[in-house]
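With compact mmCIF, C-alpha atoms inside, this is model.txt:
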# COMPACT_ATOMS: atom_id res chain seq x y z
CA MET G 24 -101.09 -75.95 -108.41
CA ASN G 25 -100.79 -79.65 -109.07
CA PRO G 26 -104.05 -81.21 -107.94
CA LYS G 27 -104.77 -84.88 -107.56
CA PRO G 28 -101.33 -86.17 -108.54
CA HIS G 29 -102.29 -89.68 -107.55
CA ARG G 30 -105.36 -89.73 -109.72
CA THR G 31 -103.37 -88.34 -112.64
CA ARG G 32 -100.80 -91.07 -112.21
CA GLN G 33 -103.40 -93.79 -111.92
CA ASN G 34 -105.09 -92.52 -115.04
CA ASN G 35 -101.86 -92.93 -116.95
CA PRO G 36 -100.52 -96.36 -116.05
CA ASP G 37 -98.47 -96.62 -119.25
CA GLY G 38 -96.81 -93.31 -118.48
CA MET G 39 -95.91 -94.52 -114.99
CA ARG G 40 -94.61 -97.82 -116.30
CA ASN G 41 -92.50 -96.04 -118.92
CA HIS G 42 -91.19 -93.66 -116.30
CA VAL G 43 -90.03 -96.61 -114.13
CA LEU G 44 -88.33 -98.23 -117.13
CA ASP G 45 -86.57 -95.00 -118.11
CA VAL G 46 -85.26 -94.48 -114.59
CA ALA G 47 -84.28 -98.14 -114.17
CA ALA G 48 -82.50 -98.23 -117.56
CA ASP G 49 -80.48 -95.14 -116.58
CA LEU G 50 -79.55 -96.55 -113.16
CA PHE G 51 -78.63 -99.99 -114.54
CA GLN G 52 -76.49 -98.33 -117.22
CA ALA G 53 -74.71 -96.04 -114.73
CA ASN G 54 -74.32 -98.46 -111.80
CA GLY G 55 -75.37 -101.93 -112.90
CA TYR G 56 -78.37 -104.09 -112.06
CA HIS G 57 -77.22 -105.39 -108.68
CA ALA G 58 -75.90 -102.04 -107.50
CA THR G 59 -79.37 -100.54 -108.09
CA SER G 60 -81.77 -101.18 -105.22
CA ILE G 61 -85.56 -101.00 -105.17
CA ASN G 62 -85.06 -98.05 -102.81
CA ASP G 63 -82.98 -96.26 -105.46
CA LEU G 64 -85.82 -96.80 -107.91
CA LEU G 65 -88.45 -95.55 -105.45
CA GLN G 66 -86.43 -92.44 -104.69
CA LYS G 67 -85.74 -91.60 -108.32
CA THR G 68 -89.24 -92.38 -109.60
CA ARG G 69 -90.93 -90.80 -106.54
CA LEU G 70 -93.42 -93.68 -106.60
CA SER G 71 -94.75 -95.49 -103.54
CA GLY G 72 -93.72 -99.09 -102.99
CA GLY G 73 -97.29 -100.16 -103.76
CA ALA G 74 -97.42 -98.27 -107.04
CA LEU G 75 -94.10 -99.73 -108.16
CA HIS G 76 -95.18 -103.20 -107.08
CA HIS G 77 -98.42 -102.84 -109.07
CA HIS G 78 -96.41 -102.51 -112.30
CA PHE G 79 -93.43 -104.67 -111.41
CA PRO G 80 -93.91 -107.27 -108.69
CA THR G 81 -90.17 -108.07 -108.58
CA LYS G 82 -86.85 -106.40 -109.36
CA LYS G 83 -86.27 -109.16 -111.89
CA SER G 84 -89.44 -108.14 -113.78
CA ILE G 85 -88.01 -104.62 -114.03
CA GLY G 86 -84.69 -106.03 -115.29
CA LEU G 87 -86.39 -108.15 -117.96
CA ALA G 88 -88.59 -105.25 -119.09
CA VAL G 89 -85.54 -102.94 -119.31
CA ILE G 90 -83.74 -105.51 -121.48
CA LYS G 91 -86.73 -106.04 -123.79
CA GLU G 92 -88.19 -102.53 -123.89
CA ARG G 93 -85.15 -100.28 -123.48
CA VAL G 94 -81.93 -102.16 -124.36
CA ALA G 95 -83.30 -103.97 -127.44
CA PRO G 96 -84.71 -100.73 -128.97
CA ALA G 97 -81.39 -98.97 -128.21
CA VAL G 98 -79.47 -101.63 -130.16
CA ARG G 99 -81.96 -101.30 -133.05
CA GLU G 100 -81.68 -97.53 -133.08
CA THR G 101 -77.87 -97.39 -132.67
CA TRP G 102 -76.78 -100.32 -134.82
CA ILE G 103 -79.45 -102.26 -136.70
CA ASP G 104 -81.43 -99.47 -138.40
CA PRO G 105 -78.39 -97.37 -139.49
CA ILE G 106 -76.68 -100.46 -140.96
CA ARG G 107 -79.87 -101.51 -142.73
CA THR G 108 -80.29 -98.11 -144.41
CA ALA G 109 -76.59 -97.32 -145.06
CA VAL G 110 -75.39 -96.94 -148.65
CA SER G 111 -72.72 -99.53 -147.88
CA LEU G 112 -71.93 -101.82 -144.97
CA ARG G 113 -68.49 -100.26 -144.56
CA LYS G 114 -69.86 -96.72 -144.50
CA GLY G 115 -72.65 -97.83 -142.18
CA VAL G 116 -70.22 -99.38 -139.67
CA ALA G 117 -67.96 -96.31 -139.84
CA SER G 118 -70.90 -94.00 -139.23
CA VAL G 119 -72.23 -96.07 -136.29
CA PHE G 120 -68.80 -95.96 -134.60
CA ALA G 121 -68.49 -92.22 -135.33
CA ASP G 122 -71.93 -91.52 -133.82
CA ILE G 123 -71.16 -93.57 -130.70
CA ILE G 124 -67.76 -91.86 -130.25
CA ALA G 125 -69.37 -88.42 -130.70
CA GLY G 126 -71.99 -89.34 -128.09
CA LEU G 127 -69.36 -90.48 -125.57
CA GLU G 128 -67.34 -87.33 -126.06
CA ALA G 129 -70.39 -85.12 -125.71
CA ARG G 130 -71.24 -86.83 -122.40
CA GLY G 131 -67.61 -86.76 -121.22
CA ALA G 132 -67.92 -90.26 -119.74
CA VAL G 133 -68.03 -93.82 -121.07
CA SER G 134 -70.78 -95.93 -119.52
CA GLY G 135 -70.37 -98.60 -122.17
CA CYS G 136 -72.83 -100.56 -124.27
CA PRO G 137 -76.02 -101.27 -122.27
CA LEU G 138 -76.35 -104.72 -123.86
CA ASN G 139 -72.76 -105.78 -123.10
CA ASN G 140 -72.91 -104.33 -119.59
CA LEU G 141 -75.98 -106.40 -118.71
CA ALA G 142 -74.71 -109.42 -120.66
CA LEU G 143 -71.55 -109.62 -118.58
CA GLU G 144 -73.33 -108.89 -115.32
CA LEU G 145 -76.39 -111.11 -115.73
CA SER G 146 -75.79 -113.95 -118.21
CA ARG G 147 -74.59 -116.36 -115.55
CA HIS G 148 -76.95 -114.98 -112.91
CA ASP G 149 -80.29 -116.06 -114.32
CA ALA G 150 -81.48 -118.08 -117.33
CA ASP G 151 -84.33 -115.67 -118.16
CA PHE G 152 -81.95 -112.72 -118.26
CA ARG G 153 -79.51 -114.69 -120.37
CA LYS G 154 -82.19 -115.65 -122.91
CA ALA G 155 -83.49 -112.08 -123.18
CA ILE G 156 -79.95 -110.75 -123.68
CA ASP G 157 -78.98 -113.46 -126.14
CA ALA G 158 -82.12 -112.75 -128.19
CA ILE G 159 -80.88 -109.18 -128.76
CA PHE G 160 -77.39 -110.34 -129.76
CA SER G 161 -79.04 -112.81 -132.16
CA GLU G 162 -81.24 -110.12 -133.72
CA TRP G 163 -78.21 -107.82 -134.06
CA ARG G 164 -76.11 -110.58 -135.60
CA ALA G 165 -78.89 -111.60 -138.03
CA ALA G 166 -79.25 -107.99 -139.22
CA MET G 167 -75.46 -107.69 -139.72
CA THR G 168 -75.43 -111.06 -141.54
CA GLU G 169 -78.17 -109.81 -143.86
CA SER G 170 -76.17 -106.65 -144.64
CA ILE G 171 -73.03 -108.71 -145.25
CA SER G 172 -74.92 -110.92 -147.71
CA ARG G 173 -75.71 -107.83 -149.81
CA THR G 174 -72.01 -107.00 -150.31
CA ASP G 175 -69.84 -108.40 -153.10
CA GLY G 176 -67.56 -110.23 -150.69
CA GLY G 177 -70.43 -111.44 -148.53
CA ALA G 178 -72.24 -112.92 -151.53
CA ARG G 179 -69.26 -115.21 -152.02
CA LEU G 180 -69.36 -116.49 -148.43
CA ASP G 181 -71.54 -119.33 -147.20
CA LYS G 182 -74.18 -118.64 -144.56
CA THR G 183 -71.95 -119.68 -141.64
CA LYS G 184 -69.06 -117.46 -142.75
CA ARG G 185 -71.41 -114.48 -143.13
CA SER G 186 -72.71 -115.03 -139.63
CA ASP G 187 -69.13 -115.41 -138.34
CA ALA G 188 -68.19 -112.11 -139.98
CA ALA G 189 -71.24 -110.48 -138.35
CA ALA G 190 -70.22 -111.81 -134.94
CA PHE G 191 -66.68 -110.55 -135.57
CA ILE G 192 -67.89 -106.98 -136.20
CA ILE G 193 -70.06 -107.11 -133.06
CA SER G 194 -67.11 -108.52 -131.07
CA VAL G 195 -64.73 -105.79 -132.20
CA TYR G 196 -67.24 -103.15 -131.15
CA SER G 197 -68.11 -104.81 -127.83
CA GLY G 198 -64.48 -105.39 -126.86
CA ALA G 199 -63.34 -101.91 -127.91
CA MET G 200 -66.16 -100.47 -125.79
CA ALA G 201 -64.86 -102.44 -122.78
CA LEU G 202 -61.41 -100.87 -123.31
CA ALA G 203 -63.04 -97.46 -123.75
CA LYS G 204 -64.97 -97.89 -120.52
CA SER G 205 -61.93 -98.93 -118.50
CA SER G 206 -59.80 -96.09 -119.90
CA GLN G 207 -62.71 -93.60 -119.97
CA THR G 208 -61.59 -92.47 -123.42
CA ALA G 209 -62.92 -93.26 -126.89
CA SER G 210 -59.48 -94.01 -128.36
CA ALA G 211 -59.88 -97.80 -128.50
CA LEU G 212 -63.18 -97.34 -130.37
CA ARG G 213 -61.57 -94.93 -132.82
CA SER G 214 -58.65 -97.24 -133.67
CA ALA G 215 -60.93 -100.31 -133.79
CA ALA G 216 -63.23 -98.50 -136.25
CA ASP G 217 -60.23 -97.72 -138.43
CA ILE G 218 -58.89 -101.30 -138.47
CA LEU G 219 -62.40 -102.74 -138.96
CA SER G 220 -63.04 -100.42 -141.89
CA LYS G 221 -59.87 -101.67 -143.62
CA TRP G 222 -60.84 -105.27 -142.83
CA LEU G 223 -64.27 -104.76 -144.43
CA ARG G 224 -62.65 -103.17 -147.50
CA ASP G 225 -60.03 -105.94 -147.84
CA HIS G 226 -62.76 -108.58 -147.75
CA HIS G 227 -65.05 -106.65 -150.14
CA LEU G 228 -67.65 -106.38 -147.40
CA GLU G 229 -68.29 -102.88 -148.56
CA SER G 230 -71.15 -102.44 -150.96
CA GLY G 231 -73.05 -104.58 -153.38
CA HIS G 232 -73.25 -102.76 -156.68
CA LYS G 233 -72.04 -105.78 -158.56
CA THR G 234 -73.47 -109.26 -158.33
CA ALA G 235 -70.76 -111.67 -157.32
CA ARG G 236 -70.57 -115.39 -157.87
CA ALA G 237 -68.74 -118.04 -155.92
CA MET A 2 -58.20 -134.60 -84.73
CA ASN A 3 -57.79 -131.00 -85.72
CA PRO A 4 -56.67 -129.17 -82.59
CA LYS A 5 -56.43 -125.44 -82.13
CA PRO A 6 -57.88 -124.45 -85.48
CA HIS A 7 -58.04 -120.80 -84.41
CA ARG A 8 -54.41 -120.69 -83.41
CA THR A 9 -53.44 -122.36 -86.68
CA ARG A 10 -55.32 -119.71 -88.59
CA GLN A 11 -53.82 -116.87 -86.64
CA ASN A 12 -50.35 -118.30 -87.19
CA ASN A 13 -50.88 -118.26 -90.92
CA PRO A 14 -52.26 -114.81 -91.76
CA ASP A 15 -51.05 -115.01 -95.37
CA GLY A 16 -52.86 -118.29 -95.83
CA MET A 17 -56.06 -116.78 -94.48
CA ARG A 18 -55.71 -113.69 -96.66
CA ASN A 19 -55.10 -115.87 -99.73
CA HIS A 20 -58.09 -118.01 -98.86
CA VAL A 21 -60.33 -114.91 -98.73
CA LEU A 22 -59.00 -113.71 -102.09
CA ASP A 23 -59.52 -117.13 -103.72
CA VAL A 24 -63.10 -117.33 -102.48
CA ALA A 25 -63.84 -113.70 -103.37
CA ALA A 26 -62.34 -114.06 -106.87
CA ASP A 27 -64.53 -117.13 -107.50
CA LEU A 28 -67.69 -115.42 -106.24
CA PHE A 29 -67.02 -112.20 -108.19
CA GLN A 30 -66.38 -114.24 -111.33
CA ALA A 31 -69.55 -116.33 -110.91
CA ASN A 32 -71.94 -113.64 -109.66
CA GLY A 33 -70.26 -110.25 -109.90
CA TYR A 34 -68.90 -107.86 -107.28
CA HIS A 35 -72.17 -106.26 -106.22
CA ALA A 36 -74.10 -109.53 -106.14
CA THR A 37 -71.54 -110.90 -103.66
CA SER A 38 -72.21 -109.82 -100.08
CA ILE A 39 -69.88 -109.79 -97.09
CA ASN A 40 -72.17 -112.49 -95.69
CA ASP A 41 -71.53 -114.67 -98.76
CA LEU A 42 -67.80 -114.26 -98.12
CA LEU A 43 -68.13 -115.09 -94.43
CA GLN A 44 -70.15 -118.21 -95.20
CA LYS A 45 -67.80 -119.49 -97.90
CA THR A 46 -64.56 -118.66 -96.06
CA ARG A 47 -65.95 -119.81 -92.66
CA LEU A 48 -64.20 -116.82 -91.09
CA SER A 49 -65.62 -114.62 -88.35
CA GLY A 50 -66.52 -111.03 -89.21
CA GLY A 51 -63.61 -109.88 -87.03
CA ALA A 52 -61.08 -112.10 -88.77
CA LEU A 53 -62.25 -110.95 -92.20
CA HIS A 54 -62.21 -107.32 -91.07
CA HIS A 55 -58.66 -107.74 -89.77
CA HIS A 56 -57.42 -108.52 -93.28
CA PHE A 57 -59.87 -106.44 -95.29
CA PRO A 58 -61.55 -103.54 -93.48
CA THR A 59 -63.96 -102.91 -96.41
CA LYS A 60 -65.52 -104.83 -99.29
CA LYS A 61 -63.77 -102.39 -101.61
CA SER A 62 -60.38 -103.44 -100.23
CA ILE A 63 -61.27 -107.05 -101.11
CA GLY A 64 -62.31 -105.95 -104.61
CA LEU A 65 -59.06 -104.06 -105.19
CA ALA A 66 -56.95 -106.95 -103.87
CA VAL A 67 -58.82 -109.42 -106.11
CA ILE A 68 -58.15 -107.20 -109.14
CA LYS A 69 -54.44 -106.79 -108.33
CA GLU A 70 -53.63 -110.20 -106.87
CA ARG A 71 -55.97 -112.54 -108.72
CA VAL A 72 -57.23 -110.95 -111.96
CA ALA A 73 -53.87 -109.42 -113.01
CA PRO A 74 -51.97 -112.73 -112.54
CA ALA A 75 -54.75 -114.56 -114.43
CA VAL A 76 -54.31 -112.23 -117.42
CA ARG A 77 -50.52 -112.74 -117.25
CA GLU A 78 -50.89 -116.50 -117.08
CA THR A 79 -53.59 -116.79 -119.75
CA TRP A 80 -52.44 -114.19 -122.26
CA ILE A 81 -49.21 -112.32 -121.57
CA ASP A 82 -46.79 -115.17 -120.80
CA PRO A 83 -47.97 -117.54 -123.58
CA ILE A 84 -47.76 -114.72 -126.17
CA ARG A 85 -44.31 -113.70 -124.92
CA THR A 86 -42.92 -117.23 -125.26
CA ALA A 87 -44.78 -118.28 -128.44
CA VAL A 88 -42.78 -119.10 -131.57
CA SER A 89 -44.92 -116.59 -133.45
CA LEU A 90 -47.57 -114.04 -132.50
CA ARG A 91 -50.12 -115.74 -134.75
CA LYS A 92 -49.49 -119.16 -133.25
CA GLY A 93 -49.48 -117.66 -129.77
CA VAL A 94 -52.88 -115.98 -130.27
CA ALA A 95 -54.32 -119.17 -131.79
CA SER A 96 -53.07 -121.23 -128.88
CA VAL A 97 -54.41 -118.79 -126.24
CA PHE A 98 -57.88 -118.90 -127.84
CA ALA A 99 -57.70 -122.71 -128.12
CA ASP A 100 -56.74 -123.06 -124.45
CA ILE A 101 -59.54 -120.71 -123.33
CA ILE A 102 -62.11 -122.54 -125.49
CA ALA A 103 -60.93 -125.91 -124.13
CA GLY A 104 -61.25 -124.57 -120.58
CA LEU A 105 -64.82 -123.31 -121.19
CA GLU A 106 -65.85 -126.60 -122.72
CA ALA A 107 -64.31 -128.59 -119.88
CA ARG A 108 -66.26 -126.47 -117.36
CA GLY A 109 -69.46 -126.61 -119.41
CA ALA A 110 -70.24 -122.96 -118.64
CA VAL A 111 -68.96 -119.58 -119.79
CA SER A 112 -68.31 -117.18 -116.92
CA GLY A 113 -66.38 -114.84 -119.18
CA CYS A 114 -63.11 -112.99 -118.79
CA PRO A 115 -62.62 -111.90 -115.15
CA LEU A 116 -61.01 -108.64 -116.26
CA ASN A 117 -63.79 -107.69 -118.68
CA ASN A 118 -66.49 -108.74 -116.21
CA LEU A 119 -65.14 -106.42 -113.52
CA ALA A 120 -64.26 -103.70 -116.05
CA LEU A 121 -67.86 -103.44 -117.23
CA GLU A 122 -69.30 -103.71 -113.73
CA LEU A 123 -66.93 -101.40 -111.86
CA SER A 124 -65.24 -98.88 -114.17
CA ARG A 125 -67.94 -96.27 -113.73
CA HIS A 126 -68.56 -97.21 -110.10
CA ASP A 127 -65.31 -96.12 -108.50
CA ALA A 128 -62.12 -94.38 -109.68
CA ASP A 129 -59.81 -96.72 -107.72
CA PHE A 130 -61.39 -99.80 -109.31
CA ARG A 131 -61.18 -98.19 -112.73
CA LYS A 132 -57.48 -97.38 -112.34
CA ALA A 133 -56.63 -100.88 -111.10
CA ILE A 134 -58.55 -102.44 -114.01
CA ASP A 135 -57.11 -100.06 -116.59
CA ALA A 136 -53.57 -100.83 -115.36
CA ILE A 137 -54.11 -104.51 -116.27
CA PHE A 138 -55.47 -103.65 -119.73
CA SER A 139 -52.43 -101.38 -120.22
CA GLU A 140 -49.97 -104.10 -119.18
CA TRP A 141 -51.73 -106.58 -121.50
CA ARG A 142 -51.74 -104.12 -124.38
CA ALA A 143 -48.05 -103.22 -123.86
CA ALA A 144 -47.09 -106.92 -123.93
CA MET A 145 -49.08 -107.46 -127.15
CA THR A 146 -47.52 -104.32 -128.67
CA GLU A 147 -44.07 -105.67 -127.85
CA SER A 148 -44.88 -109.00 -129.53
CA ILE A 149 -46.28 -107.17 -132.57
CA SER A 150 -43.07 -105.15 -132.88
CA ARG A 151 -41.11 -108.40 -133.23
CA THR A 152 -43.10 -109.47 -136.33
CA ASP A 153 -42.21 -108.50 -139.90
CA GLY A 154 -45.43 -106.54 -140.35
CA GLY A 155 -45.23 -104.95 -136.92
CA ALA A 156 -41.69 -103.72 -137.54
CA ARG A 157 -43.07 -101.66 -140.42
CA LEU A 158 -45.74 -99.99 -138.23
CA ASP A 159 -45.18 -96.92 -136.10
CA LYS A 160 -45.60 -97.19 -132.32
CA THR A 161 -49.21 -95.96 -132.36
CA LYS A 162 -50.28 -98.43 -135.05
CA ARG A 163 -48.66 -101.30 -133.14
CA SER A 164 -50.53 -100.31 -130.01
CA ASP A 165 -53.77 -99.97 -132.03
CA ALA A 166 -53.26 -103.48 -133.42
CA ALA A 167 -52.68 -104.76 -129.87
CA ALA A 168 -55.90 -103.12 -128.67
CA PHE A 169 -57.70 -104.63 -131.68
CA ILE A 170 -56.63 -108.17 -130.75
CA ILE A 171 -57.71 -107.60 -127.13
CA SER A 172 -61.03 -106.13 -128.32
CA VAL A 173 -61.79 -109.09 -130.57
CA TYR A 174 -61.17 -111.47 -127.68
CA SER A 175 -63.11 -109.43 -125.12
CA GLY A 176 -66.10 -108.93 -127.39
CA ALA A 177 -66.19 -112.55 -128.56
CA MET A 178 -66.14 -113.60 -124.90
CA ALA A 179 -69.19 -111.37 -124.25
CA LEU A 180 -71.03 -113.17 -127.08
CA ALA A 181 -69.85 -116.52 -125.72
CA LYS A 182 -71.10 -115.64 -122.26
CA SER A 183 -74.53 -114.55 -123.48
CA SER A 184 -74.93 -117.64 -125.68
CA GLN A 185 -73.17 -119.96 -123.19
CA THR A 186 -71.27 -121.50 -126.09
CA ALA A 187 -67.71 -121.04 -127.30
CA SER A 188 -68.70 -120.64 -130.97
CA ALA A 189 -68.12 -116.86 -131.16
CA LEU A 190 -64.62 -117.37 -129.72
CA ARG A 191 -63.87 -120.10 -132.22
CA SER A 192 -64.92 -118.06 -135.26
CA ALA A 193 -63.23 -114.90 -133.91
CA ALA A 194 -59.97 -116.84 -133.46
CA ASP A 195 -60.20 -118.01 -137.05
CA ILE A 196 -60.83 -114.53 -138.51
CA LEU A 197 -58.17 -112.97 -136.25
CA SER A 198 -55.61 -115.56 -137.33
CA LYS A 199 -56.21 -114.66 -141.00
CA TRP A 200 -56.02 -110.96 -140.15
CA LEU A 201 -52.64 -111.46 -138.43
CA ARG A 202 -51.36 -113.44 -141.42
CA ASP A 203 -52.62 -110.89 -143.96
CA HIS A 204 -50.82 -108.10 -142.07
CA HIS A 205 -47.61 -110.14 -141.59
CA LEU A 206 -48.13 -110.00 -137.82
CA GLU A 207 -47.01 -113.55 -137.67
CA SER A 208 -43.35 -114.10 -136.91
CA GLY A 209 -40.18 -112.09 -137.15
CA HIS A 210 -37.53 -114.23 -138.80
CA LYS A 211 -36.65 -111.49 -141.22
CA THR A 212 -35.76 -107.93 -140.29
CA ALA A 213 -38.13 -105.58 -142.06
CA ARG A 214 -37.65 -101.94 -142.90
CA ALA A 215 -40.21 -99.21 -143.40
Kindly transcribe the structure held in the file into structure tokens.
Amino acid sequence: MNPKPHRTRQNNPDGMRNHVLDVAADLFQANGYHATSINDLLQKTRLSGGALHHHFPTKKSIGLAVIKERVAPAVRETWIDPIRTAVSLRKGVASVFADIIAGLEARGAVSGCPLNNLALELSRHDADFRKAIDAIFSEWRAAMTESISRTDGGARLDKTKRSDAAAFIISVYSGAMALAKSSQTASALRSAADILSKWLRDHHLESGHKTARA
Amino acid sequence: MNPKPHRTRQNNPDGMRNHVLDVAADLFQANGYHATSINDLLQKTRLSGGALHHHFPTKKSIGLAVIKERVAPAVRETWIDPIRTAVSLRKGVASVFADIIAGLEARGAVSGCPLNNLALELSRHDADFRKAIDAIFSEWRAAMTESISRTDGGARLDKTKRSDAAAFIISVYSGAMALAKSSQTASALRSAADILSKWLRDHHLESGHKTARA
């Protein structure tokens, strides 16, 4: 019924590699990096130790690949792309929070932000992990800074203040998600989104129909 | 020179218990709960397995005791007490951030907030951990809500909005600390403190010399 499974697998090394990364990303997100053993990965992927080793010689290489090939794309998909294409920064931020809250409520559990989870677990553990994680925060912050610069209020800020405002938005989200995770409810995200939306409006970090001057 | 060390230890069970909790709190903060093994604890405490087991039959019991007897007091000492005794909420928040930033810079490394570190690592792992962690966030938030209610702007807010503002302040700090940890610099905390201070001022969440009415 399912002949030559090994040959099929070996003929599709990318598929096998992607399968390992999908499983590892799910386990790291649910339980954390250290709480996930190589045995957990072998059981869930149904690969042999040799096959896993062929793609990822160490657990660390799986961790780095998950950060670069799963967590970074998730941040792009959840935050960076919607903000980039939103009609206004304020509406974009509101819609990102709303989508994340809807996702949490559909799942009925709050696992938190994959980037923040790994950042807090691994940043002090290993310099390579820290650099890979920090690169995603930097990309996220640069994209938010760019969106801020297109708003009326942002155009009046210098480069440092725009970047500070971007970090502030990311901080509000990251911290509210920590509260959401510990309470297992989305309420801290909902109230943070509301306060952040007013903050963006009060600072004219909304839309950029008019050209503003300092 | 140091006679009967075993008898001394056995005569001071509280001292031994406290020693285990100090060592465990340091290791959890540096490396995380799961990355810390019972063997690490035995090596660092220089206790026998039997002596450790006498005080803490499981690793989980050490984790829960660290949360309740080390992390909770740290949050009280760092945040709750200074805010409670500050001349104004705004000055209190500014001074808490300044003290935390000074501490990070003195240590030359950012290990992050012990509460947020364990919250992100353990909230999905175990219901007892989650409840113990959430109880600290709730105490912190209640203390901030109380301070907010004593400000002119806070007196005009209903109970829910005060609590939302408290969660917002905690979120900004927690998220900025995640950025600080991943960049291993205090800059995100410094800019977040600055923006938060202006936000508190703009919403009259500053001091409460006057009695305000809705």
Atom CA of Ile101 of chain A sits from atom CA of Ser172 of chain A at a separation of 15.5 Å
Any idea what's packed within 12 Å of Asn19 of chain A, counting only C-alpha atoms, ignoring anything in its chain fewer than 3 positions away? Could you give it as a ChimeraX atom specification?
-> /A:10,13-16,22-26,46,53,56-57,63,66-67,70-71
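Omitting Lys82 of chain G and its sequence neighbours fewer than 4 positions away, and counting only C-alpha atoms, the residues within 10 Å are Ala47, Tyr56, His57, Thr59, Ser60, Ile61, Leu64, Leu75, His76, Gly86, Leu87 and Ala88 of chain G.
In chain G, the set of residues within 6 Å of chain A (atoms considered: all atoms listed in the file) is G:His57, G:Ala58, G:Asn140, G:Ala142, G:Leu143, G:Ser146, G:Arg153, G:Asp157, G:Asp187, G:Phe191, G:Ser194, G:Val195, G:Ser197, G:Gly198, G:Ala199, G:Ser205, G:Ser206, G:Ser214, G:Ala215.
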Skipping near chain neighbours, those fewer than 2 positions away, what residues fall within 12 Å of Ala87 of chain A using only C-alpha atoms, listed as number ranges by chain?
-> A: 80-85, 89-97, 145, 148-149, 151-152, 207-209
